[in-house]
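> Right, I'll just put the structure down here and ask away after.
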Number of protein chains: 4
Amino acid sequence: MFLYVDCAKAYSLYHLRRCAHMDKPVFNVLSQPKLENTVLVEGLPGFGNIGKIAARMLIEFTHANLFAELYSPSFPDYVAVSKNGVCRPPKYEFYTASLGKTHFVILTGDAQPSREDVVAHYTLCDEILNLMEQYGCKFIATMAGVTTPKPAGEVYVAATSTDLGAKAVEKGAIIYGGGRIVGAAGLLLGLAKNRGWEGICLLGTTTGLKADREAAYSVFKLLLKMFGIENSLKSASEEKR
Amino acid sequence: MFLYVDCAKAYSLYHLRRCAHMDKPVFNVLSQPKLENTVLVEGLPGFGNIGKIAARMLIEFTHANLFAELYSPSFPDYVAVSKNGVCRPPKYEFYTASLGKTHFVILTGDAQPSREDVVAHYTLCDEILNLMEQYGCKFIATMAGVTTPKPAGEVYVAATSTDLGAKAVEKGAIIYGGGRIVGAAGLLLGLAKNRGWEGICLLGTTTGLKADREAAYSVFKLLLKMFGIENSLKSASEEKR
Amino acid sequence: MFLYVDCAKAYSLYHLRRCAHMDKPVFNVLSQPKLENTVLVEGLPGFGNIGKIAARMLIEFTHANLFAELYSPSFPDYVAVSKNGVCRPPKYEFYTASLGKTHFVILTGDAQPSREDVVAHYTLCDEILNLMEQYGCKFIATMAGVTTPKPAGEVYVAATSTDLGAKAVEKGAIIYGGGRIVGAAGLLLGLAKNRGWEGICLLGTTTGLKADREAAYSVFKLLLKMFGIENSLKSASEEKR
Amino acid sequence: MFLYVDCAKAYSLYHLRRCAHMDKPVFNVLSQPKLENTVLVEGLPGFGNIGKIAARMLIEFTHANLFAELYSPSFPDYVAVSKNGVCRPPKYEFYTASLGKTHFVILTGDAQPSREDVVAHYTLCDEILNLMEQYGCKFIATMAGVTTPKPAGEVYVAATSTDLGAKAVEKGAIIYGGGRIVGAAGLLLGLAKNRGWEGICLLGTTTGLKADREAAYSVFKLLLKMFGIENSLKSASEEKR
């Protein structure tokens with residue numbers, strides 16, 4: 001006859017203090033930044049990898065610091081191995097930076113949950129927004145790509161209000177009307193709106209056939225304009241390109 | 001070494017009051033209607049979009065008022081963007097209206113959960129029926145489409161009892177015998193029956209190749225007849241078409 | 001701003017007494033049979049529908065009575081509609097009967113969970129075994145089909161022990177060696193074994209192309225032999241066929 | 001009207017003492033080994049079955065003893081039937097052995113969860129690491145295969161640090177740089193690293209078209225070298241092959 005050991009009980013005896021229950025997303029907070037007037041900027045892998053590249057540009061441009069990681073059981077079930085043979089599970093990263101009066105938290109990462117695991121998308125976005133509300137965040141800017149046969153550097157915008165959309169149009173964006181925005185860039189914005197946040201999604205145009213640095217740079221530039229910090233870009237961007 | 005932060009704990013510290021746990025369906029109740037003798041009428045996207053169109057017809061005809069929304073992590077993982085660039089997550093909507101002695105709650109929405117996420121279908125229907133029981137609801141009418149090569153305006157009916165089916169036949173419906181009804185129109189009716197409710201499902205015939213307003217109108221008309229309120233339709237329907 | 005209503009809370013206020021949480025299997029117990037020395041016999045849809053047909057044969061032969069139903073959110077998301085237009089959700093049924101000194105609980109039903117929802121298969125089997133342990137059940141006989149190009153009425157057997165397998169061989173079965181048994185017929189037996197039960201699985205041979213009454217009858221007959229009640233079959237079976 | 005019986009309640013009345021809730025992994029601990037300085041060695045089915053074969057080699061070579069089993073609802077939904085017709089559900093097995101100063105816990109099993117059930121992979125690995133931390137384990141060695149058109153006995157290594165990778169290279173391994181390691185061999189290592197463990201993954205090269213004993217033996221040999229116990233292999237291996 002079996003002596004069953006319920007895992008939940010084994011935990012309660014042993015792992016009360018530090019336990020990585022990988023049945024839901026787990027944050028690894030490296031340091032507690034003091035943030036005010038915080039904006040969440042998101043850029044994850046997707047069409048033309050525009051979101052992720054634009055996020056990396058912002059991280060480098062603002063000399064942002066990694067302060068938290070997020071591991072999730074809905075990320076792909078592999079470990080990534082670096083060139084020198086060191087492995088780690090897929091993760092999201094949260095960086096913090098200040099520019100002018102604005103504090104940024106920049107979210108980027110290795111992968112999104114599988115398209116088929118819809119619930120995972122919702123719960124992951126929800127966790128991220130919960131974390132950000134701890135830092136008083138009420139504004140989100142997401143970045144992604146839309147595919148088009150002949151992209152010409154346009155940046156489309158969707159927003160939580162017509163006012164915000166109009167503001168992005170003033171800065172050079174085009175209204176993204178009557179479509180859908182799939183994945184974290186869309187859902188984070190939509191779920192943030194349901195919580196009373198404001199926000200925008202900037203969509204660079206790309207063929208989607210390659211990692212599209214040009215389109216990512218257009219998105220990155222428009223993002224800075226939205227926060228009135230495009231002037232600090234001029235000298236820096238010439239170096240970088 | 002990591003300092004793991006269990007998300008559940010972070011919540012309990014911070015979000016006790018208002019927390020949108022998107023790991024299960026969340027109602028956003030805008031106002032508390034006072035309802036008696038309530039009937040739930042459901043029409044969601046499906047074959048020929050008949051259910052949803054018929055529900056919209058009933059909403060317009062009865063000047064129904066939105067009183068609650070339902071968000072679910074099993075809805076598609078995109079945000080819908082309106083023509084003016086404003087985004088929102090997919091949702092179900094609950095409208096309320098009175099006609100004669102009957103109070104209607106009309107349920108419609110953007111999308112159903114993925115066909116593959118069977119459990120999501122069951123739990124979502126269950127949540128809806130729980131909400132409706134709070135309003136004393138014991139009768140449900142669901143509306144959907146069945147595909148047929150040559151539809152001719154027929155409306156089929158399935159019911160929780162032979163009596164109710166017979167009543168629909170008196171009003172012009174045909175018994176839908178020996179088949180299956182897939183999705184919310186079927187499951188809501190079946191699970192309501194298990195709770196001791198009564199109800200019917202009206203199925204308009206359609207090729208399913210386009211949004212079928214004609215078939216939806218046939219279903220809508222038969223629905224009104226079932227509640228003895230078809231007379232109020234005559235003038236109104238001529239305006240509308 | 002939203003006024004979120006957590007569904008779980010709404011329940012606790014309203015549905016304490018009778019609540020059909022369809023996020024997990026729900027039993028509807030119609031009557032409480034008094035059982036001793038109970039054997040669980042399972043026959044569900046599958047190859048050649050052998051399990052289900054054999055279970056129906058046993059139900060009819062023993063004049064068994066329905067005493068419980070089981071609804072599950074992992075059953076297909078449709079309602080079945082009878083010929084007279086009355087609908088109901090898919091379900092499992094539990095019948096009880098006595099023959100000689102043996103009390104049978106006979107489990108049959110409309111459908112099994114989707115092959116892809118593996119966890120649903122395990123939890124459903126687990127629920128069923130939990131219910132049966134309440135009736136003191138420690139023996140299980142499952143019935144299913146195996147496909148073969150030229151079936152000739154053979155019945156294969158797998159068991160929880162070599163002794164039980166040998167006993168079935170005495171009665172005319174052939175050892176089913178070195179394979180796998182998929183679905184409820186296999187899992188129920190395997191999980192029952194882990195709880196210290198004994199049991200057998202009888203597998204009728206079929207092409208699997210049609211509902212195979214002949215193969216089901218062979219399985220049914222062998223089942224009766226296993227319990228030493230085949231004599232009562234002789235006259236009855238001639239009537240039935 | 002239904003008399004619903006909530007399964008959870010039925011449990012609490014009846015199964016407080018010994019209950020196999022198969023909605024999550026369940027350990028069946030056969031004996032409690034006293035372990036110090038413990039190393040977890042994992043080898044499960046995969047490309048060329050290298051991990052599993054190498055684990056079996058280690059079990060035989062060290063005369064290891066089975067001390068625990070793990071059943072999971074995310075394992076395949078069949079029972080395996082042995083040649084003599086006795087069935088059992090799929091499981092993982094944990095063996096213990098000592099060699100020199102090192103205590104091994106060797107993990108092998110029948111199958112991995114479906115590639116599509118990503119969350120199951122994460123939670124299962126997490127359960128296993130939790131169990132092993134009860135035995136003070138802080139080092140893991142996983143074994144698997146990588147496919148290549150012309151394998152020549154090479155063994156690749158990925159590690160939690162460059163130092164450990166370098167140590168494996170000294171023993172004859174090649175750095176596995178810039179790739180991914182899928183399944184338990186990767187995830188166990190990655191999640192262990194997140195807990196502060198050290199560890200390696202040894203990858204034998206195989207065409208993947210057959211069970212590859214040669215490649216498994218190369219992995220097995222390199223594993224022994226990593227722990228400085230390859231000398232004990234010489235005579236034994238000649239017998240065995």
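So you can find residues: chains in the structure tokens are A, B, ... in the order shown, residues in each start at 1, and ligands are numbered from 1 in order.
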Can you work out which residues from chain B touch chain A at a cut-off of 6 Å (counting only C-alpha atoms) and hand them back as a list in words?

Leu3, Tyr4, Val5, Met22, Asp23, Pro73, Ser74, Asp77, Tyr78, Val79, Ala80, Val81, Ser82, Lys83, Asn84, Gly85, Val86, Cys87, Arg88 and Pro89 of chain B

> Can you tell me, as a PDB file with C-alpha atoms, in the first residue's frame, which residues in range 36-224 of chain A count as helix (DSSP H, G or I) by DSSP?


ATOM      1  CA  PHE A  47       6.501  41.167 -35.514  1.00  0.00           C
ATOM      2  CA  GLY A  48       9.892  42.427 -36.739  1.00  0.00           C
ATOM      3  CA  ASN A  49      10.988  42.233 -33.094  1.00  0.00           C
ATOM      4  CA  ILE A  50      10.183  45.962 -33.051  1.00  0.00           C
ATOM      5  CA  GLY A  51       8.946  46.131 -29.480  1.00  0.00           C
ATOM      6  CA  LYS A  52      11.985  44.387 -28.038  1.00  0.00           C
ATOM      7  CA  ILE A  53      14.514  46.342 -30.116  1.00  0.00           C
ATOM      8  CA  ALA A  54      12.873  49.671 -29.240  1.00  0.00           C
ATOM      9  CA  ALA A  55      12.904  48.698 -25.566  1.00  0.00           C
ATOM     10  CA  ARG A  56      16.624  47.858 -25.765  1.00  0.00           C
ATOM     11  CA  MET A  57      17.231  51.246 -27.418  1.00  0.00           C
ATOM     12  CA  LEU A  58      15.475  52.978 -24.540  1.00  0.00           C
ATOM     13  CA  ILE A  59      17.413  50.913 -21.972  1.00  0.00           C
ATOM     14  CA  GLU A  60      20.728  51.844 -23.561  1.00  0.00           C
ATOM     15  CA  PHE A  61      19.789  55.472 -24.160  1.00  0.00           C
ATOM     16  CA  VAL A 118      -4.795  32.683 -23.703  1.00  0.00           C
ATOM     17  CA  VAL A 119      -5.326  32.605 -19.951  1.00  0.00           C
ATOM     18  CA  ALA A 120      -1.575  32.804 -19.393  1.00  0.00           C
ATOM     19  CA  HIS A 121      -1.470  36.033 -21.417  1.00  0.00           C
ATOM     20  CA  TYR A 122      -4.159  37.601 -19.268  1.00  0.00           C
ATOM     21  CA  THR A 123      -2.751  36.528 -15.913  1.00  0.00           C
ATOM     22  CA  LEU A 124       0.796  37.555 -16.821  1.00  0.00           C
ATOM     23  CA  CYS A 125      -0.340  41.035 -17.905  1.00  0.00           C
ATOM     24  CA  ASP A 126      -2.357  41.244 -14.713  1.00  0.00           C
ATOM     25  CA  GLU A 127       0.649  40.381 -12.539  1.00  0.00           C
ATOM     26  CA  ILE A 128       2.760  43.009 -14.259  1.00  0.00           C
ATOM     27  CA  LEU A 129       0.133  45.707 -13.777  1.00  0.00           C
ATOM     28  CA  ASN A 130      -0.222  44.717 -10.122  1.00  0.00           C
ATOM     29  CA  LEU A 131       3.529  45.109  -9.616  1.00  0.00           C
ATOM     30  CA  MET A 132       3.534  48.481 -11.372  1.00  0.00           C
ATOM     31  CA  GLU A 133       0.664  49.798  -9.273  1.00  0.00           C
ATOM     32  CA  GLN A 134       2.903  49.234  -6.269  1.00  0.00           C
ATOM     33  CA  THR A 162      -9.137  60.033 -28.187  1.00  0.00           C
ATOM     34  CA  ASP A 163      -7.187  62.861 -26.499  1.00  0.00           C
ATOM     35  CA  LEU A 164      -4.097  60.736 -26.088  1.00  0.00           C
ATOM     36  CA  GLY A 165      -4.409  59.462 -29.642  1.00  0.00           C
ATOM     37  CA  ALA A 166      -4.641  63.060 -30.856  1.00  0.00           C
ATOM     38  CA  LYS A 167      -1.517  63.981 -28.877  1.00  0.00           C
ATOM     39  CA  ALA A 168       0.411  61.145 -30.589  1.00  0.00           C
ATOM     40  CA  VAL A 169      -0.849  62.354 -33.977  1.00  0.00           C
ATOM     41  CA  GLU A 170       0.585  65.819 -33.195  1.00  0.00           C
ATOM     42  CA  ALA A 184       1.174  41.818 -24.527  1.00  0.00           C
ATOM     43  CA  ALA A 185       1.296  45.188 -26.334  1.00  0.00           C
ATOM     44  CA  GLY A 186      -2.469  45.088 -26.743  1.00  0.00           C
ATOM     45  CA  LEU A 187      -3.557  43.281 -23.599  1.00  0.00           C
ATOM     46  CA  LEU A 188      -1.383  45.265 -21.181  1.00  0.00           C
ATOM     47  CA  LEU A 189      -2.869  48.476 -22.588  1.00  0.00           C
ATOM     48  CA  GLY A 190      -6.435  47.152 -22.483  1.00  0.00           C
ATOM     49  CA  LEU A 191      -6.223  45.731 -18.977  1.00  0.00           C
ATOM     50  CA  ALA A 192      -4.480  48.916 -17.764  1.00  0.00           C
ATOM     51  CA  LYS A 193      -7.379  50.925 -19.204  1.00  0.00           C
ATOM     52  CA  ASN A 194      -9.823  48.765 -17.217  1.00  0.00           C
ATOM     53  CA  ARG A 213      15.892  48.114 -36.433  1.00  0.00           C
ATOM     54  CA  GLU A 214      14.703  50.989 -38.652  1.00  0.00           C
ATOM     55  CA  ALA A 215      11.069  50.552 -37.662  1.00  0.00           C
ATOM     56  CA  ALA A 216      12.055  50.079 -34.016  1.00  0.00           C
ATOM     57  CA  TYR A 217      14.015  53.347 -34.158  1.00  0.00           C
ATOM     58  CA  SER A 218      10.951  55.196 -35.523  1.00  0.00           C
ATOM     59  CA  VAL A 219       8.888  53.862 -32.634  1.00  0.00           C
ATOM     60  CA  PHE A 220      11.625  54.730 -30.135  1.00  0.00           C
ATOM     61  CA  LYS A 221      11.863  58.335 -31.476  1.00  0.00           C
ATOM     62  CA  LEU A 222       8.101  58.845 -31.313  1.00  0.00           C
ATOM     63  CA  LEU A 223       8.052  57.519 -27.754  1.00  0.00           C
ATOM     64  CA  LEU A 224      10.606  60.128 -26.680  1.00  0.00           C
TER      65      LEU A 224
END

> Let's have chain D fitted on chain B; use all the C-alpha atoms paired in order for the least-squares step and return it as a compact mmCIF listing (two decimals) with C-alpha atoms, in the first residue's frame.


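part-v6.txt, freshly written:
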# COMPACT_ATOMS: atom_id res chain seq x y z
CA MET D 1 20.63 34.39 -4.51
CA PHE D 2 17.10 35.43 -5.32
CA LEU D 3 14.67 37.26 -3.16
CA TYR D 4 11.49 35.70 -4.41
CA VAL D 5 8.34 37.72 -4.03
CA ASP D 6 5.27 35.56 -4.14
CA CYS D 7 2.71 37.45 -6.19
CA ALA D 8 -0.16 36.32 -3.99
CA LYS D 9 1.48 37.98 -0.99
CA ALA D 10 2.21 41.18 -2.86
CA TYR D 11 -1.51 41.30 -3.62
CA SER D 12 -2.64 40.79 -0.08
CA LEU D 13 -0.49 43.71 1.07
CA TYR D 14 -1.52 46.05 -1.63
CA HIS D 15 -4.67 45.20 -3.45
CA LEU D 16 -7.11 44.13 -0.82
CA ARG D 17 -9.68 46.67 -1.86
CA ARG D 18 -9.91 46.62 -5.63
CA CYS D 19 -8.14 43.89 -7.46
CA ALA D 20 -8.80 42.57 -10.92
CA HIS D 21 -7.51 39.03 -10.65
CA MET D 22 -7.67 38.12 -14.33
CA ASP D 23 -7.20 34.41 -13.63
CA LYS D 24 -10.98 34.02 -13.71
CA PRO D 25 -13.94 35.95 -15.10
CA VAL D 26 -14.51 39.38 -13.54
CA PHE D 27 -17.79 41.26 -13.54
CA ASN D 28 -17.85 45.02 -13.76
CA VAL D 29 -21.29 45.91 -12.42
CA LEU D 30 -22.21 49.46 -13.48
CA SER D 31 -25.57 49.66 -11.72
CA GLN D 32 -27.85 47.33 -9.78
CA PRO D 33 -31.12 46.90 -11.65
CA LYS D 34 -34.23 45.89 -9.68
CA LEU D 35 -35.62 42.95 -11.54
CA GLU D 36 -38.56 40.59 -11.12
CA ASN D 37 -39.81 37.85 -13.36
CA THR D 38 -36.56 38.10 -15.25
CA VAL D 39 -35.70 36.35 -18.50
CA LEU D 40 -32.11 35.96 -19.69
CA VAL D 41 -31.78 36.36 -23.46
CA GLU D 42 -28.41 35.39 -24.93
CA GLY D 43 -27.01 36.19 -28.36
CA LEU D 44 -23.27 35.87 -28.99
CA PRO D 45 -21.11 35.60 -32.13
CA GLY D 46 -21.47 32.32 -34.03
CA PHE D 47 -22.77 30.88 -37.33
CA GLY D 48 -24.00 33.78 -39.48
CA ASN D 49 -23.59 35.95 -36.35
CA ILE D 50 -27.31 35.33 -35.86
CA GLY D 51 -27.29 35.27 -32.07
CA LYS D 52 -25.41 38.54 -31.75
CA ILE D 53 -27.44 40.37 -34.41
CA ALA D 54 -30.74 39.20 -32.88
CA ALA D 55 -29.53 40.33 -29.45
CA ARG D 56 -28.64 43.77 -30.85
CA MET D 57 -32.13 43.96 -32.43
CA LEU D 58 -33.69 43.26 -29.05
CA ILE D 59 -31.44 45.81 -27.34
CA GLU D 60 -32.42 48.51 -29.83
CA PHE D 61 -36.07 47.56 -29.91
CA THR D 62 -36.42 47.65 -26.11
CA HIS D 63 -34.09 50.63 -25.59
CA ALA D 64 -32.16 48.41 -23.18
CA ASN D 65 -29.50 49.82 -20.84
CA LEU D 66 -26.04 48.43 -20.22
CA PHE D 67 -25.69 47.57 -16.52
CA ALA D 68 -22.78 45.10 -16.35
CA GLU D 69 -19.73 43.91 -18.24
CA LEU D 70 -17.86 40.64 -17.97
CA TYR D 71 -14.14 40.27 -18.70
CA SER D 72 -12.56 36.83 -18.90
CA PRO D 73 -9.01 35.49 -19.31
CA SER D 74 -10.42 32.93 -21.73
CA PHE D 75 -11.51 35.60 -24.17
CA PRO D 76 -9.10 36.17 -27.09
CA ASP D 77 -5.77 37.76 -26.13
CA TYR D 78 -6.11 40.92 -28.18
CA VAL D 79 -7.64 44.34 -27.72
CA ALA D 80 -10.21 45.63 -30.18
CA VAL D 81 -9.44 49.07 -31.55
CA SER D 82 -12.32 51.34 -32.60
CA LYS D 83 -12.27 53.52 -35.72
CA ASN D 84 -10.95 56.48 -33.71
CA GLY D 85 -8.06 54.43 -32.32
CA VAL D 86 -9.43 53.72 -28.84
CA CYS D 87 -8.80 50.21 -27.58
CA ARG D 88 -10.52 47.89 -25.12
CA PRO D 89 -10.31 44.19 -24.23
CA PRO D 90 -13.01 41.79 -25.46
CA LYS D 91 -16.01 41.61 -23.14
CA TYR D 92 -19.56 40.39 -22.65
CA GLU D 93 -22.25 42.98 -21.99
CA PHE D 94 -25.44 42.70 -19.97
CA TYR D 95 -28.35 45.00 -20.84
CA THR D 96 -31.66 45.33 -19.04
CA ALA D 97 -35.06 46.27 -20.43
CA SER D 98 -38.76 45.85 -19.65
CA LEU D 99 -41.52 45.03 -22.11
CA GLY D 100 -45.01 44.37 -20.83
CA LYS D 101 -44.70 42.32 -17.68
CA THR D 102 -41.35 40.83 -18.65
CA HIS D 103 -37.93 42.03 -17.52
CA PHE D 104 -35.20 41.10 -19.94
CA VAL D 105 -31.51 40.77 -19.27
CA ILE D 106 -29.86 40.65 -22.67
CA LEU D 107 -26.39 39.13 -22.92
CA THR D 108 -24.21 39.82 -25.94
CA GLY D 109 -20.49 40.30 -26.53
CA ASP D 110 -17.43 40.34 -28.71
CA ALA D 111 -16.33 36.72 -28.87
CA GLN D 112 -16.68 33.31 -27.31
CA PRO D 113 -13.77 31.45 -25.68
CA SER D 114 -11.72 29.26 -27.99
CA ARG D 115 -13.46 26.00 -28.99
CA GLU D 116 -10.49 24.12 -27.56
CA ASP D 117 -10.76 25.58 -24.07
CA VAL D 118 -13.76 23.50 -23.08
CA VAL D 119 -13.45 24.16 -19.36
CA ALA D 120 -13.54 27.92 -20.01
CA HIS D 121 -16.89 27.50 -21.77
CA TYR D 122 -18.35 25.67 -18.80
CA THR D 123 -17.04 28.02 -16.12
CA LEU D 124 -18.06 31.14 -18.02
CA CYS D 125 -21.62 29.86 -18.49
CA ASP D 126 -21.66 28.94 -14.82
CA GLU D 127 -20.60 32.44 -13.75
CA ILE D 128 -23.30 34.00 -15.89
CA LEU D 129 -26.01 31.74 -14.46
CA ASN D 130 -24.80 32.52 -10.94
CA LEU D 131 -25.10 36.25 -11.61
CA MET D 132 -28.57 35.82 -13.09
CA GLU D 133 -29.81 33.79 -10.13
CA GLN D 134 -29.01 36.84 -8.01
CA TYR D 135 -31.72 38.59 -10.05
CA GLY D 136 -34.17 35.76 -9.52
CA CYS D 137 -33.86 34.58 -13.10
CA LYS D 138 -35.33 31.14 -13.84
CA PHE D 139 -35.89 31.33 -17.60
CA ILE D 140 -33.40 31.55 -20.44
CA ALA D 141 -33.74 32.05 -24.18
CA THR D 142 -30.62 31.54 -26.26
CA MET D 143 -30.26 32.45 -29.92
CA ALA D 144 -27.86 31.05 -32.49
CA GLY D 145 -27.58 29.76 -36.03
CA VAL D 146 -27.53 26.39 -37.75
CA THR D 147 -25.98 26.06 -41.18
CA THR D 148 -27.98 24.64 -44.05
CA PRO D 149 -27.31 24.90 -47.81
CA LYS D 150 -30.67 26.57 -48.59
CA PRO D 151 -32.02 28.47 -45.59
CA ALA D 152 -35.61 29.67 -45.95
CA GLY D 153 -36.25 31.66 -42.80
CA GLU D 154 -37.04 28.64 -40.65
CA VAL D 155 -36.34 28.84 -36.93
CA TYR D 156 -35.59 25.63 -35.04
CA VAL D 157 -36.15 25.19 -31.33
CA ALA D 158 -34.68 23.01 -28.58
CA ALA D 159 -36.00 23.33 -25.05
CA THR D 160 -35.69 22.14 -21.48
CA SER D 161 -39.04 20.34 -21.78
CA THR D 162 -41.38 18.99 -24.44
CA ASP D 163 -44.06 21.48 -23.31
CA LEU D 164 -41.85 24.48 -24.00
CA GLY D 165 -40.79 23.01 -27.34
CA ALA D 166 -44.48 22.57 -28.23
CA LYS D 167 -45.22 26.18 -27.28
CA ALA D 168 -42.48 27.37 -29.64
CA VAL D 169 -43.90 25.17 -32.40
CA GLU D 170 -47.29 26.91 -31.93
CA LYS D 171 -45.49 30.20 -32.58
CA GLY D 172 -43.94 28.89 -35.80
CA ALA D 173 -40.73 27.11 -34.77
CA ILE D 174 -39.67 23.62 -35.89
CA ILE D 175 -38.40 21.03 -33.36
CA TYR D 176 -34.60 20.66 -33.60
CA GLY D 177 -34.48 16.91 -32.98
CA GLY D 178 -31.52 14.61 -32.49
CA GLY D 179 -28.61 17.01 -32.86
CA ARG D 180 -26.18 19.02 -30.83
CA ILE D 181 -25.99 22.72 -29.99
CA VAL D 182 -22.41 23.90 -29.63
CA GLY D 183 -21.11 26.85 -27.61
CA ALA D 184 -22.81 29.25 -25.20
CA ALA D 185 -26.27 28.94 -26.77
CA GLY D 186 -26.25 25.22 -25.99
CA LEU D 187 -24.28 25.10 -22.76
CA LEU D 188 -26.08 27.99 -21.04
CA LEU D 189 -29.38 26.27 -21.73
CA GLY D 190 -28.12 22.86 -20.59
CA LEU D 191 -26.49 24.10 -17.41
CA ALA D 192 -29.55 26.25 -16.64
CA LYS D 193 -31.70 23.14 -16.99
CA ASN D 194 -29.46 21.35 -14.45
CA ARG D 195 -30.24 24.18 -12.00
CA GLY D 196 -33.97 23.74 -12.49
CA TRP D 197 -34.50 26.63 -14.90
CA GLU D 198 -36.70 26.44 -17.96
CA GLY D 199 -35.62 27.69 -21.33
CA ILE D 200 -35.42 27.50 -25.09
CA CYS D 201 -32.81 27.82 -27.80
CA LEU D 202 -33.91 29.40 -31.07
CA LEU D 203 -31.76 28.49 -34.06
CA GLY D 204 -31.99 30.51 -37.27
CA THR D 205 -31.05 28.77 -40.51
CA THR D 206 -28.15 30.29 -42.44
CA THR D 207 -25.51 29.39 -44.99
CA GLY D 208 -23.06 30.71 -42.40
CA LEU D 209 -21.08 32.47 -45.11
CA LYS D 210 -22.03 36.00 -44.08
CA ALA D 211 -23.57 37.96 -41.23
CA ASP D 212 -27.19 36.95 -41.75
CA ARG D 213 -29.57 39.77 -40.73
CA GLU D 214 -32.59 38.07 -42.30
CA ALA D 215 -32.16 34.92 -40.26
CA ALA D 216 -31.46 36.96 -37.15
CA TYR D 217 -34.69 38.89 -37.70
CA SER D 218 -36.66 35.62 -37.95
CA VAL D 219 -35.19 34.53 -34.64
CA PHE D 220 -35.86 37.92 -33.06
CA LYS D 221 -39.52 37.85 -34.20
CA LEU D 222 -40.08 34.36 -32.86
CA LEU D 223 -38.54 35.37 -29.55
CA LEU D 224 -41.04 38.23 -29.20
CA LYS D 225 -43.89 35.87 -30.03
CA MET D 226 -42.75 33.47 -27.30
CA PHE D 227 -43.24 36.29 -24.80
CA GLY D 228 -46.49 37.55 -26.34
CA ILE D 229 -45.04 40.93 -27.26
CA GLU D 230 -44.95 40.63 -31.03
CA ASN D 231 -47.67 43.27 -31.45
CA SER D 232 -45.39 46.01 -30.25
CA LEU D 233 -43.05 45.03 -33.03
CA LYS D 234 -45.22 45.86 -36.03
CA SER D 235 -44.74 49.58 -36.41
CA ALA D 236 -41.28 49.59 -34.94
CA SER D 237 -39.93 46.92 -37.25
CA GLU D 238 -41.05 48.76 -40.36
CA GLU D 239 -39.08 51.82 -39.26
CA LYS D 240 -36.05 49.77 -38.42
CA ARG D 241 -35.71 47.69 -41.57

> Can you check which residues of range 17-167 of chain C DSSP gives as strand (DSSP E) on the backbone and send them as a PyMOL selection string?

chain C and resi 26-29+38-43+65-71+78-81+87-88+92-99+102-109+139-147+155-159
